[in-house]
file query29.csv (CSV, C-alpha atoms)
chain,number,residue,atom,x,y,z
A,10,MET,CA,0.0,0.0,0.0
A,11,ASP,CA,1.6,3.3,-1.1
A,12,ARG,CA,-0.6,6.3,-0.3
A,13,SER,CA,-0.3,9.3,1.9
A,14,THR,CA,-3.7,9.8,3.6
A,15,ASN,CA,-5.1,9.7,7.1
A,16,LEU,CA,-6.2,6.3,8.3
A,17,ILE,CA,-8.9,5.0,10.5
A,18,GLY,CA,-8.4,2.4,13.2
A,19,SER,CA,-11.3,0.6,14.7
A,20,TYR,CA,-12.0,-1.8,17.6
A,21,VAL,CA,-15.2,-3.4,19.0
A,22,PHE,CA,-15.2,-5.4,22.3
A,23,LYS,CA,-18.1,-7.8,22.8
A,24,SER,CA,-20.5,-5.5,21.0
A,25,LYS,CA,-20.4,-3.3,24.1
A,26,ILE,CA,-17.4,-1.0,23.7
A,27,ALA,CA,-16.1,0.5,20.5
A,28,ALA,CA,-13.5,3.0,19.4
A,29,LEU,CA,-12.5,4.7,16.2
A,30,VAL,CA,-9.3,6.7,15.8
A,31,GLU,CA,-8.0,8.9,12.9
A,32,LEU,CA,-4.2,8.9,12.5
A,33,ALA,CA,-2.2,11.2,10.2
A,34,PRO,CA,1.0,9.5,9.0
A,35,HIS,CA,3.9,11.7,8.1
A,36,GLY,CA,4.7,9.5,5.1
A,37,PRO,CA,3.1,6.8,3.0
A,38,CYS,CA,0.5,4.5,4.6
A,39,SER,CA,1.5,0.8,5.1
A,40,ASP,CA,0.0,-2.3,6.4
A,41,ALA,CA,2.0,-1.9,9.6
A,42,LEU,CA,0.4,1.6,10.2
A,43,LEU,CA,-3.1,0.2,9.5
A,44,GLN,CA,-2.4,-2.4,12.2
A,45,LEU,CA,-1.1,0.3,14.6
A,46,ALA,CA,-4.3,2.3,14.0
A,47,ASP,CA,-6.4,-0.7,15.1
A,48,GLN,CA,-4.1,-1.3,18.1
A,49,VAL,CA,-4.5,2.4,19.2
A,50,ALA,CA,-8.3,2.0,18.8
A,51,GLN,CA,-8.1,-1.1,21.0
A,52,HIS,CA,-6.1,1.0,23.6
A,53,ILE,CA,-8.8,3.7,23.5
A,54,ALA,CA,-11.6,1.2,24.0
A,55,ALA,CA,-9.7,-0.4,27.0
A,56,MET,CA,-8.4,2.6,28.7
A,57,ALA,CA,-11.0,5.3,28.1
A,58,PRO,CA,-8.6,8.3,27.9
A,59,GLU,CA,-10.2,11.7,28.6
A,60,SER,CA,-8.2,13.7,26.0
A,61,ILE,CA,-5.6,13.2,23.3
A,62,ASP,CA,-2.9,14.5,25.8
A,63,ASP,CA,-4.1,11.9,28.3
A,64,LEU,CA,-4.0,9.2,25.7
A,65,LEU,CA,-0.5,10.1,24.6
A,66,SER,CA,0.8,9.7,28.2
A,67,HIS,CA,-0.7,6.2,28.8
A,68,PRO,CA,1.5,3.2,28.7
A,69,PHE,CA,0.6,1.4,25.5
A,70,VAL,CA,-1.5,-1.7,26.1
A,71,HIS,CA,0.6,-3.7,23.5
A,72,ASP,CA,3.9,-2.5,24.9
A,73,THR,CA,3.7,-1.2,28.4
A,74,THR,CA,7.4,-0.1,28.4
A,75,ARG,CA,6.5,2.8,26.1
A,76,THR,CA,3.7,5.3,26.0
A,77,VAL,CA,1.2,5.7,23.2
A,78,GLY,CA,2.9,9.0,22.3
A,79,GLN,CA,6.3,7.3,22.1
A,80,ILE,CA,4.9,4.5,19.9
A,81,LEU,CA,3.3,7.1,17.6
A,82,ALA,CA,6.4,9.2,17.4
A,83,ALA,CA,8.5,6.2,16.5
A,84,ASN,CA,6.1,5.5,13.7
A,85,SER,CA,5.9,9.1,12.5
A,86,VAL,CA,2.1,9.3,13.1
A,87,ASP,CA,-0.1,11.9,14.8
A,88,ILE,CA,-3.6,11.4,16.3
A,89,VAL,CA,-6.2,13.7,14.6
A,90,ARG,CA,-9.2,12.6,16.7
A,91,TYR,CA,-10.9,9.7,18.3
A,92,VAL,CA,-14.3,8.6,19.5
A,93,ARG,CA,-15.1,5.9,22.1
A,94,TRP,CA,-18.6,4.7,23.0
A,95,TYR,CA,-20.3,1.9,25.0
A,96,VAL,CA,-23.7,0.3,25.3
A,97,GLY,CA,-25.1,0.0,28.8
A,98,ASP,CA,-23.2,0.7,32.0
A,99,PRO,CA,-19.4,1.0,31.5
A,100,ASP,CA,-18.9,-1.1,34.6
A,101,GLY,CA,-20.9,-4.0,33.3
A,102,GLY,CA,-24.4,-3.2,34.6
A,103,SER,CA,-27.5,-2.9,32.5
A,104,GLY,CA,-27.8,0.9,32.3
A,105,PRO,CA,-28.9,2.8,29.3
A,106,SER,CA,-26.9,3.2,26.1
A,107,THR,CA,-24.4,6.1,26.3
A,108,PRO,CA,-23.8,8.3,23.2
A,109,ALA,CA,-20.3,8.5,21.7
A,110,ARG,CA,-17.9,11.0,23.1
A,111,ALA,CA,-15.6,12.4,20.4
A,112,VAL,CA,-12.2,13.9,21.1
A,113,ALA,CA,-10.5,16.1,18.6

call {"tool": "encode", "arguments": {"input": "query29.csv", "output": "structure tokens"}}
result
Amino acid sequence: MDRSTNLIGSYVFKSKIAALVELAPHGPCSDALLQLADQVAQHIAAMAPESIDDLLSHPFVHDTTRTVGQILAANSVDIVRYVRWYVGDPDGGSGPSTPARAVA
């Protein structure tokens, strides 16, 4: 894959929690960057960061020796925005659906 464009990563956990993230690579897109986008979306779903700055300071779920920011910098990628949402109570109860919360 040889194109320079933003990419979207996605992750859905048990049809209850989902996340989308838009990444802006500094160079051409690759299969590895597409995989990284999905991994960042998985991190967002799991860790529920409050802001992009908060997200960048988290230890990355796939490599806890580095932060999300360090992983993205090493891959020459910036986060443009993300959205995370869940159905029901985020703690596992049976509460009402919660609308998506976008962070840009």

call {"tool": "atom_distance", "arguments": {"input": "query29.csv", "atom1": "CA of Pro37 (chain A)", "atom2": "CA of Arg93 (chain A)"}}
result
26.4 Å

call {"tool": "closest_residue", "arguments": {"input": "query29.csv", "among": "A:Lys25, A:Thr76, A:Asp63, A:Ile17", "to": "Ala50 (chain A)", "atoms": "all atoms listed in the file"}}
result
A:Ile17

call {"tool": "closest_residue", "arguments": {"input": "query29.csv", "among": "A:Cys38, A:Val49, A:Ala57, A:Gln44", "to": "Val77 (chain A)", "atoms": "all atoms listed in the file"}}
result
A:Val49

call {"tool": "closest_residue", "arguments": {"input": "query29.csv", "among": "A:Ala55, A:Gln79, A:Asn15, A:Tyr20", "to": "Ser39 (chain A)", "atoms": "only C-alpha atoms"}}
result
A:Asn15

call {"tool": "closest_residue", "arguments": {"input": "query29.csv", "among": "A:Glu59, A:Ile26, A:His35, A:Leu45", "to": "Ile80 (chain A)", "atoms": "only C-alpha atoms"}}
result
A:Leu45

call {"tool": "closest_residue", "arguments": {"input": "query29.csv", "among": "A:Leu32, A:Leu43, A:Ala54, A:Leu65", "to": "Ile88 (chain A)", "atoms": "all atoms listed in the file"}}
result
A:Leu32

call {"tool": "closest_residue", "arguments": {"input": "query29.csv", "among": "A:Tyr91, A:Ala41, A:Ser85, A:Pro34", "to": "Leu64 (chain A)", "atoms": "all atoms listed in the file"}}
result
A:Tyr91

call {"tool": "residues_around", "arguments": {"input": "query29.csv", "residues": "Ala33 (chain A)", "least_positions_apart": "3", "cutoff": "8 Å", "atoms": "all atoms listed in the file", "output": "PDB file with C-alpha atoms, in the coordinates of the input"}}
result
ATOM      1  CA  THR A  14      -3.700   9.800   3.600  1.00  0.00           C
ATOM      2  CA  ASN A  15      -5.100   9.700   7.100  1.00  0.00           C
ATOM      3  CA  LEU A  16      -6.200   6.300   8.300  1.00  0.00           C
ATOM      4  CA  VAL A  86       2.100   9.300  13.100  1.00  0.00           C
ATOM      5  CA  ASP A  87      -0.100  11.900  14.800  1.00  0.00           C
ATOM      6  CA  ILE A  88      -3.600  11.400  16.300  1.00  0.00           C
ATOM      7  CA  VAL A  89      -6.200  13.700  14.600  1.00  0.00           C
TER       8      VAL A  89
END

call {"tool": "residues_around", "arguments": {"input": "query29.csv", "residues": "Ala27 (chain A)", "least_positions_apart": "3", "cutoff": "12 Å", "atoms": "all atoms listed in the file", "output": "PyMOL selection string"}}
result
chain A and resi 18-24+30+47+49-57+91-96+99+107-111
